[in-house]
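A.B. asks: First, the structure itself, so that you have it in front of you.
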Amino acid sequence: MKRKSLTIVLSLLLIVGIAFAAPNRKGYKQNNDGPRREQRECLLTDAEREAVQDAKRSYEKTVIPMRADVKVLMMDIQDMVTNGKSAKEIAPKLDKLNALKANMASERLDHQVKVRKIVGEEKYKQMHMARKHMGQGRKGKAGKRVKQFKGNGCMDGQGRY
């Protein structure tokens with residue numbers, strides 16, 4: 001009797017868990033960004049919204065290969081450090097990495113200026129303030145990025161940290 005009731009309870013819990021984990025009726029997970037995103041987007045006209053999306057696409061097309069190059073360079077540098085290369089051998093790769101990061105920062109600034117020109121100074125400030133205050137109201141570390149240890153999670157030299 002106990003085994004049968006336990007089986008029924010566990011199966012009901014499984015069914016309820018699957019039902020709540022399912023996507024919404026459109027087939028996508030729901031976005032919790034809701035009202036804040038709508039508030040930011042209501043500030044823009046349709047033409048401005050399209051122009052901002054075009055600017056974002058062109059920025060991403062430029063920056064995505066740069067991000068990949070940064071990751072490759074960082075892996076190369078980490079491998080060189082692990083293999084015991086000297087600082088003189090690592091310096092050229094590090095200079096290249098720093099130049100690439102500076103170029104990415106310059107592209108980001110250009111993108112921000114382009115968006116500000118599209119939407120205007122006042123709307124840009126309102127959008128920035130809405131985006132800036134999005135994460136407020138949460139307690140603790142909710143919504144914040146927490147660095148994860150790589151490797152085995154040890155800080156004794158066996159894993160990367």
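Chain lettering (A, B, ...) mirrors the order of the structure tokens, residue numbering begins at 1 for each chain separately, and ligand numbering begins at 1 in order of display.
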Please identify all polymer residues within 8 Å of region 93-102 of chain A, counting only C-alpha atoms, omitting same-chain residues fewer than 2 positions from it, and present them as a list of chain:residue names.
C.D. replies: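 Residues near the query, excluding close chain neighbours: A:Met66, A:Val70, A:Leu73, A:Met74, A:Ile77, A:Ile90, A:Ala91, A:Met104, A:Ala105, A:Ser106.
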A.B. asks: For the residues selected in the previous step, produce a file with N, CA, C and O atoms as a PDB file, in the first residue's frame.
C.D. replies:
ATOM      1  N   MET A  66      35.858  39.753 -33.480  1.00  0.00           N
ATOM      2  CA  MET A  66      36.865  40.264 -32.535  1.00  0.00           C
ATOM      3  C   MET A  66      36.813  39.497 -31.222  1.00  0.00           C
ATOM      4  O   MET A  66      37.852  39.178 -30.644  1.00  0.00           O
ATOM      5  N   VAL A  70      39.774  37.373 -29.451  1.00  0.00           N
ATOM      6  CA  VAL A  70      40.200  37.597 -28.064  1.00  0.00           C
ATOM      7  C   VAL A  70      40.242  36.275 -27.314  1.00  0.00           C
ATOM      8  O   VAL A  70      41.204  35.987 -26.590  1.00  0.00           O
ATOM      9  N   LEU A  73      43.257  34.261 -28.499  1.00  0.00           N
ATOM     10  CA  LEU A  73      44.505  34.819 -27.958  1.00  0.00           C
ATOM     11  C   LEU A  73      44.649  34.518 -26.473  1.00  0.00           C
ATOM     12  O   LEU A  73      45.752  34.213 -26.001  1.00  0.00           O
ATOM     13  N   MET A  74      43.562  34.613 -25.740  1.00  0.00           N
ATOM     14  CA  MET A  74      43.634  34.315 -24.299  1.00  0.00           C
ATOM     15  C   MET A  74      43.997  32.851 -24.066  1.00  0.00           C
ATOM     16  O   MET A  74      44.781  32.535 -23.165  1.00  0.00           O
ATOM     17  N   ILE A  77      47.719  32.503 -24.875  1.00  0.00           N
ATOM     18  CA  ILE A  77      48.539  33.056 -23.789  1.00  0.00           C
ATOM     19  C   ILE A  77      48.539  32.113 -22.594  1.00  0.00           C
ATOM     20  O   ILE A  77      49.580  31.865 -21.990  1.00  0.00           O
ATOM     21  N   ILE A  90      55.747  35.894 -24.533  1.00  0.00           N
ATOM     22  CA  ILE A  90      54.315  36.121 -24.363  1.00  0.00           C
ATOM     23  C   ILE A  90      53.941  37.557 -24.725  1.00  0.00           C
ATOM     24  O   ILE A  90      52.820  37.819 -25.175  1.00  0.00           O
ATOM     25  N   ALA A  91      54.860  38.499 -24.581  1.00  0.00           N
ATOM     26  CA  ALA A  91      54.572  39.929 -24.762  1.00  0.00           C
ATOM     27  C   ALA A  91      53.932  40.273 -26.117  1.00  0.00           C
ATOM     28  O   ALA A  91      52.978  41.058 -26.147  1.00  0.00           O
ATOM     29  N   MET A 104      37.848  46.907 -29.791  1.00  0.00           N
ATOM     30  CA  MET A 104      36.472  46.569 -29.429  1.00  0.00           C
ATOM     31  C   MET A 104      35.821  47.686 -28.620  1.00  0.00           C
ATOM     32  O   MET A 104      34.653  48.022 -28.832  1.00  0.00           O
ATOM     33  N   ALA A 105      36.580  48.274 -27.696  1.00  0.00           N
ATOM     34  CA  ALA A 105      36.051  49.379 -26.894  1.00  0.00           C
ATOM     35  C   ALA A 105      35.734  50.578 -27.785  1.00  0.00           C
ATOM     36  O   ALA A 105      34.714  51.259 -27.597  1.00  0.00           O
ATOM     37  N   SER A 106      36.579  50.824 -28.763  1.00  0.00           N
ATOM     38  CA  SER A 106      36.341  51.916 -29.697  1.00  0.00           C
ATOM     39  C   SER A 106      35.082  51.665 -30.527  1.00  0.00           C
ATOM     40  O   SER A 106      34.273  52.577 -30.747  1.00  0.00           O
TER      41      SER A 106
END
A.B. asks: Quick one: everything within 12 Å of Ala55 (chain A), counting only C-alpha atoms, minus sequence neighbours fewer than 5 positions away in the same chain. Send it as a ChimeraX atom specification.
C.D. replies: /A:48-50,60-62,107-108,110-119
A.B. asks: May I have the selected residues written with all heavy atoms, as a compact mmCIF listing (two decimals), in the first residue's frame?
C.D. replies:
# COMPACT_ATOMS: atom_id res chain seq x y z
N GLU A 48 12.77 54.71 -35.56
CA GLU A 48 13.93 54.75 -34.67
C GLU A 48 14.30 53.35 -34.20
O GLU A 48 15.48 52.99 -34.15
CB GLU A 48 13.65 55.64 -33.45
CG GLU A 48 13.59 57.11 -33.77
CD GLU A 48 13.12 57.94 -32.60
OE1 GLU A 48 12.45 57.41 -31.69
OE2 GLU A 48 13.43 59.14 -32.59
N ARG A 49 13.28 52.55 -33.87
CA ARG A 49 13.53 51.19 -33.40
C ARG A 49 14.24 50.37 -34.48
O ARG A 49 15.19 49.64 -34.21
CB ARG A 49 12.21 50.53 -33.01
CG ARG A 49 12.37 49.27 -32.22
CD ARG A 49 11.06 48.72 -31.69
NE ARG A 49 10.41 49.67 -30.79
CZ ARG A 49 9.17 50.13 -30.94
NH1 ARG A 49 8.42 49.71 -31.93
NH2 ARG A 49 8.67 50.98 -30.08
N GLU A 50 13.79 50.51 -35.74
CA GLU A 50 14.43 49.78 -36.84
C GLU A 50 15.86 50.26 -37.06
O GLU A 50 16.76 49.44 -37.29
CB GLU A 50 13.62 49.96 -38.12
CG GLU A 50 12.34 49.15 -38.14
CD GLU A 50 11.57 49.32 -39.44
OE1 GLU A 50 12.21 49.62 -40.47
OE2 GLU A 50 10.35 49.16 -39.41
N GLU A 60 27.29 44.19 -34.02
CA GLU A 60 27.55 42.79 -33.67
C GLU A 60 28.33 42.08 -34.76
O GLU A 60 29.20 41.26 -34.47
CB GLU A 60 26.23 42.06 -33.40
CG GLU A 60 25.55 42.47 -32.11
CD GLU A 60 26.34 42.09 -30.87
OE1 GLU A 60 27.09 41.09 -30.88
OE2 GLU A 60 26.21 42.81 -29.87
N LYS A 61 28.04 42.38 -36.03
CA LYS A 61 28.78 41.77 -37.12
C LYS A 61 30.26 42.13 -37.06
O LYS A 61 31.12 41.34 -37.43
CB LYS A 61 28.21 42.21 -38.47
CG LYS A 61 26.93 41.52 -38.84
CD LYS A 61 26.44 42.01 -40.19
CE LYS A 61 25.10 41.40 -40.55
NZ LYS A 61 24.61 41.92 -41.84
N THR A 62 30.54 43.33 -36.58
CA THR A 62 31.93 43.78 -36.46
C THR A 62 32.61 43.16 -35.24
O THR A 62 33.77 42.76 -35.31
CB THR A 62 31.97 45.32 -36.34
OG1 THR A 62 31.29 45.88 -37.45
CG2 THR A 62 33.39 45.82 -36.32
N GLU A 107 34.89 50.43 -30.99
CA GLU A 107 33.69 50.08 -31.74
C GLU A 107 32.44 50.26 -30.89
O GLU A 107 31.41 50.73 -31.38
CB GLU A 107 33.77 48.63 -32.24
CG GLU A 107 34.76 48.41 -33.35
CD GLU A 107 34.35 49.05 -34.66
OE1 GLU A 107 33.13 49.18 -34.90
OE2 GLU A 107 35.24 49.42 -35.44
N ARG A 108 32.52 49.88 -29.62
CA ARG A 108 31.36 50.02 -28.74
C ARG A 108 31.01 51.48 -28.55
O ARG A 108 29.84 51.87 -28.57
CB ARG A 108 31.64 49.36 -27.39
CG ARG A 108 30.46 49.49 -26.47
CD ARG A 108 30.56 48.59 -25.28
NE ARG A 108 29.28 48.67 -24.57
CZ ARG A 108 29.18 48.75 -23.26
NH1 ARG A 108 30.24 48.69 -22.51
NH2 ARG A 108 28.01 48.84 -22.70
N ASP A 110 31.67 53.93 -30.62
CA ASP A 110 31.10 54.40 -31.89
C ASP A 110 29.64 53.98 -32.02
O ASP A 110 28.79 54.76 -32.48
CB ASP A 110 31.90 53.85 -33.07
CG ASP A 110 33.29 54.44 -33.18
OD1 ASP A 110 33.55 55.50 -32.55
OD2 ASP A 110 34.12 53.85 -33.90
N HIS A 111 29.33 52.76 -31.61
CA HIS A 111 27.96 52.27 -31.65
C HIS A 111 27.05 53.09 -30.74
O HIS A 111 25.95 53.48 -31.12
CB HIS A 111 27.91 50.79 -31.26
CG HIS A 111 26.53 50.26 -31.03
ND1 HIS A 111 25.61 50.12 -32.04
CD2 HIS A 111 25.91 49.87 -29.90
CE1 HIS A 111 24.48 49.65 -31.54
NE2 HIS A 111 24.63 49.49 -30.24
N GLN A 112 27.52 53.38 -29.53
CA GLN A 112 26.72 54.16 -28.59
C GLN A 112 26.45 55.56 -29.13
O GLN A 112 25.34 56.08 -29.01
CB GLN A 112 27.42 54.23 -27.23
CG GLN A 112 27.39 52.92 -26.49
CD GLN A 112 28.22 52.94 -25.23
OE1 GLN A 112 29.09 53.80 -25.05
NE2 GLN A 112 27.96 52.01 -24.33
N VAL A 113 27.45 56.17 -29.75
CA VAL A 113 27.28 57.50 -30.33
C VAL A 113 26.29 57.45 -31.49
O VAL A 113 25.44 58.33 -31.64
CB VAL A 113 28.65 58.08 -30.78
CG1 VAL A 113 28.48 59.32 -31.61
CG2 VAL A 113 29.51 58.36 -29.56
N LYS A 114 26.38 56.38 -32.31
CA LYS A 114 25.46 56.23 -33.44
C LYS A 114 24.02 56.09 -32.95
O LYS A 114 23.11 56.72 -33.49
CB LYS A 114 25.85 55.01 -34.26
CG LYS A 114 25.06 54.86 -35.55
CD LYS A 114 25.37 53.57 -36.27
CE LYS A 114 26.72 53.62 -36.92
NZ LYS A 114 26.98 52.41 -37.75
N VAL A 115 23.82 55.29 -31.90
CA VAL A 115 22.47 55.12 -31.35
C VAL A 115 21.96 56.43 -30.77
O VAL A 115 20.80 56.79 -30.95
CB VAL A 115 22.44 53.99 -30.29
CG1 VAL A 115 21.13 53.98 -29.52
CG2 VAL A 115 22.68 52.65 -30.94
N ARG A 116 22.83 57.16 -30.10
CA ARG A 116 22.43 58.45 -29.53
C ARG A 116 22.02 59.43 -30.63
O ARG A 116 21.07 60.18 -30.48
CB ARG A 116 23.56 59.03 -28.68
CG ARG A 116 23.11 60.25 -27.88
CD ARG A 116 24.20 60.79 -27.02
NE ARG A 116 25.24 61.34 -27.88
CZ ARG A 116 26.52 61.41 -27.54
NH1 ARG A 116 26.93 60.95 -26.40
NH2 ARG A 116 27.39 61.94 -28.37
N LYS A 117 22.72 59.39 -31.77
CA LYS A 117 22.35 60.26 -32.90
C LYS A 117 21.01 59.86 -33.48
O LYS A 117 20.23 60.70 -33.91
CB LYS A 117 23.42 60.20 -33.99
CG LYS A 117 24.65 61.00 -33.67
CD LYS A 117 25.64 60.92 -34.83
CE LYS A 117 26.92 61.67 -34.49
NZ LYS A 117 27.92 61.53 -35.58
N ILE A 118 20.73 58.56 -33.50
CA ILE A 118 19.47 58.07 -34.08
C ILE A 118 18.28 58.50 -33.22
O ILE A 118 17.29 59.02 -33.73
CB ILE A 118 19.49 56.54 -34.23
CG1 ILE A 118 20.49 56.12 -35.30
CG2 ILE A 118 18.10 56.00 -34.55
CD1 ILE A 118 20.75 54.63 -35.35
N VAL A 119 18.37 58.27 -31.90
CA VAL A 119 17.20 58.49 -31.03
C VAL A 119 17.14 59.88 -30.44
O VAL A 119 16.09 60.29 -29.95
CB VAL A 119 17.14 57.43 -29.90
CG1 VAL A 119 17.04 56.05 -30.47
CG2 VAL A 119 18.30 57.56 -28.95
A.B. asks: What does the structure give for the distance between CA of Lys123 (chain A) and CA of Leu44 (chain A), in Å to one decimal?
C.D. replies: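 These atoms are spaced 7.7 Å apart.
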